[in-house]
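**Student:** Here's a structure for you.
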Amino acid sequence: MADRSKGFMRDEFVTYAYILLYIALSSGQIFFNKWVLSSKEINFPYPLGLTLLHMIFSSVLCFLLTKVLKIVKVEEGMTLEIYVTSVIPIGAMFAMTLWLGNTAYLYISVAFAQMLKAIMPVAVFILGVAAGLEMMSCRMLLIMSIISFGVLVASYGELNINWIGVVYQMGGVVGEALRLIFMELLVKRKGIKLNPISLMYYVSPCSAICLFVPWIFLEKSKMDGNGPWNFHFVVLTLNSLCTFALNLSVFLVISHTSALTIRVAGVVKDWVVVLVSALLFADTKLTIINLFGYAIAIAGVAAYNNHKLKKEASKVPTETPGDGESIPLVSQTNTNSER
């Protein structure tokens with residue numbers, strides 16, 4: 001009995017440790033990206049280049065983990081037809097999301113960018129209705145209205161609004177919504193389930209290629225114009241490693257708990273980012289209207305998550321995934337890794 005009690009307490013401790021690790025890595029990665037892009041000491045104001053570096057680093061690490069060290073097994077079932085029709089669009093939208101989202105940090109504060117991202121469920125729902133994945137209802141219309149109203153109020157309270165940054169952030173939101181739609185189509189119509197490492201194994205190289213082309217035309221000449229490349233490679237490598245560790249932490253949290261836990265942890269992380277960024281960055285000035293609007297939007301997001309989880313629970317048997325079990329792609333709504 002005592003051994004069982006100790007085992008339960010140990011499992012609980014490990015679970016909470018994974019959740020705290022996810023919140024810390026997710027919040028820290030956002031601050032890390034903002035610092036790398038805007039810091040005069042690092043001198044790397046290249047969001048395309050930074051995101052491209054992340055995808056190349058992720059591709060290499062995933063290859064080492066799955067094919068060389070064989071620590072993680074790549075899920076089977078991937079075909080050329082599925083890769084072309086599903087993985088490439090997911091990779092392209094992932095690249096677009098990270099590129100535009102990171103670029104927004106050059107124009108707006110981390111806190112305001114986080115507030116704008118609360119509109120994500122609205123974009124996902126509208127595109128889901130257009131794709132035939134969602135059904136319009138009075139309940140969902142009310143939830144979408146609450147989220148939209150909250151984001152509008154938060155935007156109204158922003159003191160230093162920059163519309164270029166807003167456009168970039170909204171473009172990133174649309175890209176992320178499209179990525180989630182493509183992921184849901186991959187599960188529902190193709191029947192493919194991948195854990196995050198397998199997903200990144202397939203998606204990262206595609207995203208890297210999608211980022212490399214615009215990088216050649218938009219940023220390479222600027223980087224060359226500043227003389228020989230003499231960047232802080234240790235800092236950039238550590239930044240890329242943190243990004244990969246974040247994806248791994250998502251896998252660990254979902255494996256030991258559930259999709260609900262990662263969603264709740266995502267909401268906690270959002271508030272941590274908003275509040276801590278006000279202490280870390282001089283361009284962040286929160287107002288009561290900001291926080292009030294964001295609280296309304298988060299309440300709407302919580303209602304949306306609750307609705308989606310009940311809908312998913314009604315379709316599949318309720319169970320807690322075990323170590324190494326494949327996780328449906330649609331359960332990763334709050335894993336937006338680098339932003």
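Chain lettering (A, B, ...) mirrors the order of the structure tokens, residue numbering begins at 1 for each chain separately, and ligand numbering begins at 1 in order of display.
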Hey, what's within 12 Å of range 154-170 of chain A if we count only C-alpha atoms and toss same-chain stuff fewer than 2 positions away? As an MDAnalysis selection string, please?

**Tutor:** chainID A and resid 47 96:120 122:123 147:152 172:177 274 282:298 339

**Student:** List as a PyMOL selection string the protein and nucleic acid residues near Leu186 in chain A, meaning an atom at most 12 Å away when only C-alpha atoms are counted, but skip any in the same chain fewer than 2 places from it.

**Tutor:** chain A and resi 77-78+81-90+133+179-184+188-194+199+328-330

**Student:** Give me a file of those residues, with N, CA, C and O atoms, as a compact mmCIF listing (two decimals), in the first residue's frame.

**Tutor:**
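Once everything was written out, this is again11.txt:
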```
# COMPACT_ATOMS: atom_id res chain seq x y z
N GLY A 77 2.56 4.68 -42.28
CA GLY A 77 1.32 5.06 -42.97
C GLY A 77 1.47 6.25 -43.89
O GLY A 77 0.54 6.60 -44.62
N MET A 78 2.65 6.90 -43.87
CA MET A 78 2.87 8.05 -44.73
C MET A 78 3.16 7.59 -46.17
O MET A 78 4.00 6.73 -46.40
N GLU A 81 1.36 10.41 -51.76
CA GLU A 81 0.12 11.15 -52.00
C GLU A 81 -0.28 11.95 -50.76
O GLU A 81 -0.68 13.12 -50.86
N ILE A 82 -0.17 11.33 -49.59
CA ILE A 82 -0.50 12.03 -48.34
C ILE A 82 0.49 13.16 -48.08
O ILE A 82 0.11 14.25 -47.66
N TYR A 83 1.77 12.90 -48.37
CA TYR A 83 2.79 13.93 -48.14
C TYR A 83 2.53 15.15 -49.01
O TYR A 83 2.61 16.29 -48.55
N VAL A 84 2.21 14.91 -50.29
CA VAL A 84 2.01 16.02 -51.22
C VAL A 84 0.73 16.78 -50.91
O VAL A 84 0.71 18.02 -50.93
N THR A 85 -0.35 16.07 -50.60
CA THR A 85 -1.64 16.72 -50.42
C THR A 85 -1.88 17.24 -49.00
O THR A 85 -2.74 18.11 -48.81
N SER A 86 -1.12 16.74 -48.02
CA SER A 86 -1.38 17.13 -46.64
C SER A 86 -0.15 17.71 -45.93
O SER A 86 -0.22 18.80 -45.37
N VAL A 87 0.97 16.99 -45.97
CA VAL A 87 2.14 17.43 -45.22
C VAL A 87 2.73 18.72 -45.80
O VAL A 87 3.10 19.63 -45.05
N ILE A 88 2.82 18.81 -47.12
CA ILE A 88 3.37 20.02 -47.73
C ILE A 88 2.52 21.26 -47.41
O ILE A 88 3.08 22.29 -47.01
N PRO A 89 1.17 21.19 -47.53
CA PRO A 89 0.37 22.36 -47.10
C PRO A 89 0.56 22.69 -45.61
O PRO A 89 0.63 23.86 -45.25
N ILE A 90 0.65 21.65 -44.76
CA ILE A 90 0.88 21.89 -43.32
C ILE A 90 2.23 22.56 -43.11
O ILE A 90 2.34 23.54 -42.36
N LEU A 133 -15.85 21.21 -41.77
CA LEU A 133 -15.44 20.51 -40.56
C LEU A 133 -16.22 20.97 -39.33
O LEU A 133 -16.22 20.29 -38.31
N ARG A 179 -3.20 25.86 -40.93
CA ARG A 179 -2.41 24.67 -40.56
C ARG A 179 -3.25 23.69 -39.76
O ARG A 179 -3.22 22.47 -40.01
N LEU A 180 -4.00 24.19 -38.78
CA LEU A 180 -4.83 23.32 -37.96
C LEU A 180 -5.94 22.66 -38.77
O LEU A 180 -6.29 21.51 -38.53
N ILE A 181 -6.48 23.40 -39.75
CA ILE A 181 -7.51 22.83 -40.63
C ILE A 181 -6.92 21.70 -41.45
O ILE A 181 -7.51 20.61 -41.58
N PHE A 182 -5.74 21.92 -42.03
CA PHE A 182 -5.08 20.87 -42.82
C PHE A 182 -4.74 19.67 -41.94
O PHE A 182 -4.83 18.51 -42.39
N MET A 183 -4.35 19.91 -40.69
CA MET A 183 -4.04 18.81 -39.78
C MET A 183 -5.29 18.00 -39.47
O MET A 183 -5.26 16.77 -39.40
N GLU A 184 -6.41 18.69 -39.28
CA GLU A 184 -7.65 17.98 -38.99
C GLU A 184 -8.11 17.18 -40.20
O GLU A 184 -8.61 16.06 -40.06
N LYS A 188 -8.93 13.22 -40.22
CA LYS A 188 -10.29 12.75 -40.51
C LYS A 188 -10.40 12.05 -41.85
O LYS A 188 -11.13 11.07 -41.99
N ARG A 189 -9.68 12.55 -42.85
CA ARG A 189 -9.82 11.98 -44.19
C ARG A 189 -8.73 10.99 -44.55
O ARG A 189 -8.92 10.13 -45.39
N LYS A 190 -7.56 11.14 -43.92
CA LYS A 190 -6.45 10.23 -44.23
C LYS A 190 -6.26 9.19 -43.13
O LYS A 190 -5.64 8.16 -43.36
N GLY A 191 -6.73 9.48 -41.92
CA GLY A 191 -6.61 8.54 -40.81
C GLY A 191 -5.21 8.44 -40.24
O GLY A 191 -4.87 7.42 -39.63
N ILE A 192 -4.38 9.47 -40.44
CA ILE A 192 -3.00 9.44 -39.96
C ILE A 192 -2.92 10.08 -38.58
O ILE A 192 -3.47 11.15 -38.35
N LYS A 193 -2.22 9.41 -37.66
CA LYS A 193 -1.96 9.95 -36.33
C LYS A 193 -0.45 9.96 -36.09
O LYS A 193 0.22 8.94 -36.31
N LEU A 194 0.06 11.11 -35.68
CA LEU A 194 1.49 11.25 -35.48
C LEU A 194 1.79 11.88 -34.14
O LEU A 194 1.09 12.80 -33.72
N LEU A 199 5.72 14.14 -36.44
CA LEU A 199 5.15 15.26 -37.19
C LEU A 199 6.25 16.22 -37.63
O LEU A 199 6.31 16.63 -38.79
N PRO A 328 -3.46 12.20 -31.71
CA PRO A 328 -4.11 12.80 -32.87
C PRO A 328 -3.62 14.22 -33.07
O PRO A 328 -3.49 14.99 -32.13
N LEU A 329 -3.38 14.58 -34.32
CA LEU A 329 -2.85 15.91 -34.62
C LEU A 329 -3.77 17.01 -34.15
O LEU A 329 -3.32 18.08 -33.76
N VAL A 330 -5.08 16.78 -34.18
CA VAL A 330 -6.01 17.83 -33.81
C VAL A 330 -5.99 18.11 -32.32
O VAL A 330 -6.61 19.07 -31.88
```

**Student:** Looking at A:Leu141, A:Leu64, A:Val213, A:Met223, which one is nearest to Val129 in chain A, with distances taken over only C-alpha atoms?

**Tutor:** A:Leu141

**Student:** Rank nothing, just name the residue among A:Val14, A:Ser204, A:Ile23, A:Ser39 nearest to Phe281 in chain A, using only C-alpha atoms.

**Tutor:**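 Result for the nearest residue to Phe281 in chain A: A:Ser39.
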
**Student:** Need the shell around Val72 in chain A: protein/DNA/RNA residues with any atom at most 9 Å away, counting only C-alpha atoms. Skip same-chain ones fewer than 3 positions apart. Format as an NGL selection string?

**Tutor:** :A and (62 or 65-67 or 69 or 197-198 or 324)

**Student:** Go ahead and save the picked residues with all heavy atoms, as a compact mmCIF listing (two decimals), in the first residue's frame.

**Tutor:**
```txt
# COMPACT_ATOMS: atom_id res chain seq x y z
N CYS A 62 15.55 15.70 -35.58
CA CYS A 62 14.55 14.65 -35.78
C CYS A 62 15.15 13.48 -36.54
O CYS A 62 14.87 12.31 -36.23
CB CYS A 62 13.35 15.20 -36.54
SG CYS A 62 12.25 16.22 -35.54
N LEU A 65 17.33 11.54 -34.07
CA LEU A 65 16.57 10.82 -33.07
C LEU A 65 15.85 9.60 -33.65
O LEU A 65 15.71 8.57 -32.98
CB LEU A 65 15.54 11.75 -32.41
CG LEU A 65 16.09 12.81 -31.45
CD1 LEU A 65 14.98 13.75 -31.01
CD2 LEU A 65 16.72 12.15 -30.23
N THR A 66 15.39 9.72 -34.90
CA THR A 66 14.56 8.66 -35.48
C THR A 66 15.34 7.67 -36.34
O THR A 66 15.03 6.47 -36.35
CB THR A 66 13.43 9.27 -36.33
OG1 THR A 66 14.02 10.12 -37.35
CG2 THR A 66 12.50 10.11 -35.48
N LYS A 67 16.35 8.14 -37.05
CA LYS A 67 17.04 7.28 -38.00
C LYS A 67 18.43 6.83 -37.55
O LYS A 67 18.89 5.74 -37.91
CB LYS A 67 17.16 8.00 -39.36
CG LYS A 67 15.83 8.32 -40.00
CD LYS A 67 15.01 7.07 -40.26
CE LYS A 67 13.70 7.40 -40.96
NZ LYS A 67 12.88 6.18 -41.20
N LEU A 69 19.96 7.45 -33.97
CA LEU A 69 19.91 6.92 -32.60
C LEU A 69 18.71 6.00 -32.39
O LEU A 69 18.71 5.18 -31.48
CB LEU A 69 19.86 8.09 -31.60
CG LEU A 69 21.04 9.06 -31.67
CD1 LEU A 69 20.83 10.22 -30.69
CD2 LEU A 69 22.34 8.33 -31.37
N ILE A 197 7.15 14.37 -32.52
CA ILE A 197 8.46 14.15 -33.12
C ILE A 197 8.31 13.66 -34.56
O ILE A 197 8.99 14.13 -35.48
CB ILE A 197 9.29 13.15 -32.30
CG1 ILE A 197 9.49 13.68 -30.87
CG2 ILE A 197 10.63 12.91 -32.97
CD1 ILE A 197 10.22 14.98 -30.78
N SER A 198 7.40 12.71 -34.76
CA SER A 198 7.14 12.21 -36.12
C SER A 198 6.60 13.33 -37.01
O SER A 198 6.96 13.45 -38.18
CB SER A 198 6.15 11.05 -36.09
OG SER A 198 6.68 9.94 -35.40
N GLY A 324 4.59 6.93 -25.46
CA GLY A 324 4.86 6.42 -26.78
C GLY A 324 3.63 6.29 -27.64
O GLY A 324 3.73 5.91 -28.80
```

**Student:** I'd like the contact shell of Met136 in chain A - 12 Å cut-off, only C-alpha atoms, skipping same-chain residues fewer than 6 positions apart - returned as a count of residues only.

**Tutor:** 10

**Student:** So which residues touch Ser27 in chain A within 7 Å, counting only C-alpha atoms, skipping near sequence neighbours fewer than 4 positions away, as a list in words?

**Tutor:** Ile23, Phe31, Lys269 and Val273 of chain A

**Student:** Selected residues, N, CA, C and O atoms, written as an mmCIF file, in the first residue's frame, please.

**Tutor:**
```
data_model
loop_
_atom_site.group_PDB
_atom_site.id
_atom_site.type_symbol
_atom_site.label_atom_id
_atom_site.label_comp_id
_atom_site.auth_asym_id
_atom_site.auth_seq_id
_atom_site.Cartn_x
_atom_site.Cartn_y
_atom_site.Cartn_z
ATOM 1 N N ILE A 23 5.123 25.074 -19.686
ATOM 2 C CA ILE A 23 4.799 26.499 -19.494
ATOM 3 C C ILE A 23 6.067 27.342 -19.525
ATOM 4 O O ILE A 23 6.115 28.408 -20.160
ATOM 5 N N PHE A 31 9.861 34.906 -25.237
ATOM 6 C CA PHE A 31 10.750 35.978 -24.790
ATOM 7 C C PHE A 31 12.123 35.881 -25.476
ATOM 8 O O PHE A 31 12.719 36.900 -25.842
ATOM 9 N N LYS A 269 -0.097 29.712 -19.687
ATOM 10 C CA LYS A 269 1.085 30.247 -20.356
ATOM 11 C C LYS A 269 0.804 31.611 -20.979
ATOM 12 O O LYS A 269 1.635 32.526 -20.914
ATOM 13 N N VAL A 273 2.892 34.996 -20.161
ATOM 14 C CA VAL A 273 3.579 35.781 -21.187
ATOM 15 C C VAL A 273 3.168 37.248 -21.125
ATOM 16 O O VAL A 273 4.011 38.154 -21.162
#
```

**Student:** When DSSP works through the backbone of this structure, what residues of range 87-278 of chain A end up as helix (DSSP H, G or I), shown as a ChimeraX atom specification?

**Tutor:** /A:87-104,110-117,120-130,138-156,163-190,196-218,220-225,233-256,259-278

**Student:** Phe231 in chain A: which residues within 8 Å, counting only C-alpha atoms, same-chain residues fewer than 4 positions away excluded, as a PDB file with all heavy atoms, in the first residue's frame?

**Tutor:**
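That gives us out-v8.pdb:
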```pdb
ATOM      1  N   ILE A  42      22.656  41.153 -29.849  1.00  0.00           N
ATOM      2  CA  ILE A  42      22.641  39.993 -30.733  1.00  0.00           C
ATOM      3  C   ILE A  42      22.684  40.434 -32.192  1.00  0.00           C
ATOM      4  O   ILE A  42      23.314  39.806 -33.034  1.00  0.00           O
ATOM      5  CB  ILE A  42      21.389  39.125 -30.472  1.00  0.00           C
ATOM      6  CG1 ILE A  42      21.363  38.669 -29.009  1.00  0.00           C
ATOM      7  CG2 ILE A  42      21.371  37.907 -31.395  1.00  0.00           C
ATOM      8  CD1 ILE A  42      22.573  37.878 -28.590  1.00  0.00           C
ATOM      9  N   ASN A  43      21.991  41.524 -32.510  1.00  0.00           N
ATOM     10  CA  ASN A  43      21.990  42.090 -33.858  1.00  0.00           C
ATOM     11  C   ASN A  43      21.555  41.062 -34.904  1.00  0.00           C
ATOM     12  O   ASN A  43      22.264  40.794 -35.885  1.00  0.00           O
ATOM     13  CB  ASN A  43      23.375  42.658 -34.207  1.00  0.00           C
ATOM     14  CG  ASN A  43      23.359  43.483 -35.488  1.00  0.00           C
ATOM     15  OD1 ASN A  43      22.340  44.099 -35.811  1.00  0.00           O
ATOM     16  ND2 ASN A  43      24.470  43.512 -36.211  1.00  0.00           N
ATOM     17  N   PHE A  44      20.370  40.487 -34.694  1.00  0.00           N
ATOM     18  CA  PHE A  44      19.836  39.511 -35.654  1.00  0.00           C
ATOM     19  C   PHE A  44      18.352  39.818 -35.918  1.00  0.00           C
ATOM     20  O   PHE A  44      17.481  39.024 -35.562  1.00  0.00           O
ATOM     21  CB  PHE A  44      20.004  38.088 -35.104  1.00  0.00           C
ATOM     22  CG  PHE A  44      19.867  37.017 -36.159  1.00  0.00           C
ATOM     23  CD1 PHE A  44      20.956  36.665 -36.949  1.00  0.00           C
ATOM     24  CD2 PHE A  44      18.659  36.371 -36.364  1.00  0.00           C
ATOM     25  CE1 PHE A  44      20.830  35.679 -37.919  1.00  0.00           C
ATOM     26  CE2 PHE A  44      18.529  35.388 -37.325  1.00  0.00           C
ATOM     27  CZ  PHE A  44      19.616  35.039 -38.106  1.00  0.00           C
TER      28      PHE A  44
END
```

**Student:** Closest to Pro45 in chain A among A:Gly91, A:Phe244, A:Val276, A:Asn226, using only C-alpha atoms?

**Tutor:**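 So, comparing all the options, the nearest one is A:Asn226.
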
**Student:** Check the smallest atom-to-atom distance from each of A:Val267, A:Leu246, A:Cys138, A:Ala92 to Leu25 in chain A using only C-alpha atoms, then report the winner.

**Tutor:** A:Leu246

**Student:** Do you have the CA of Tyr46 in chain A-CA of Ala208 in chain A distance handy?

**Tutor:**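 About the pair CA of Tyr46 in chain A and CA of Ala208 in chain A: they are 14.9 Å apart.
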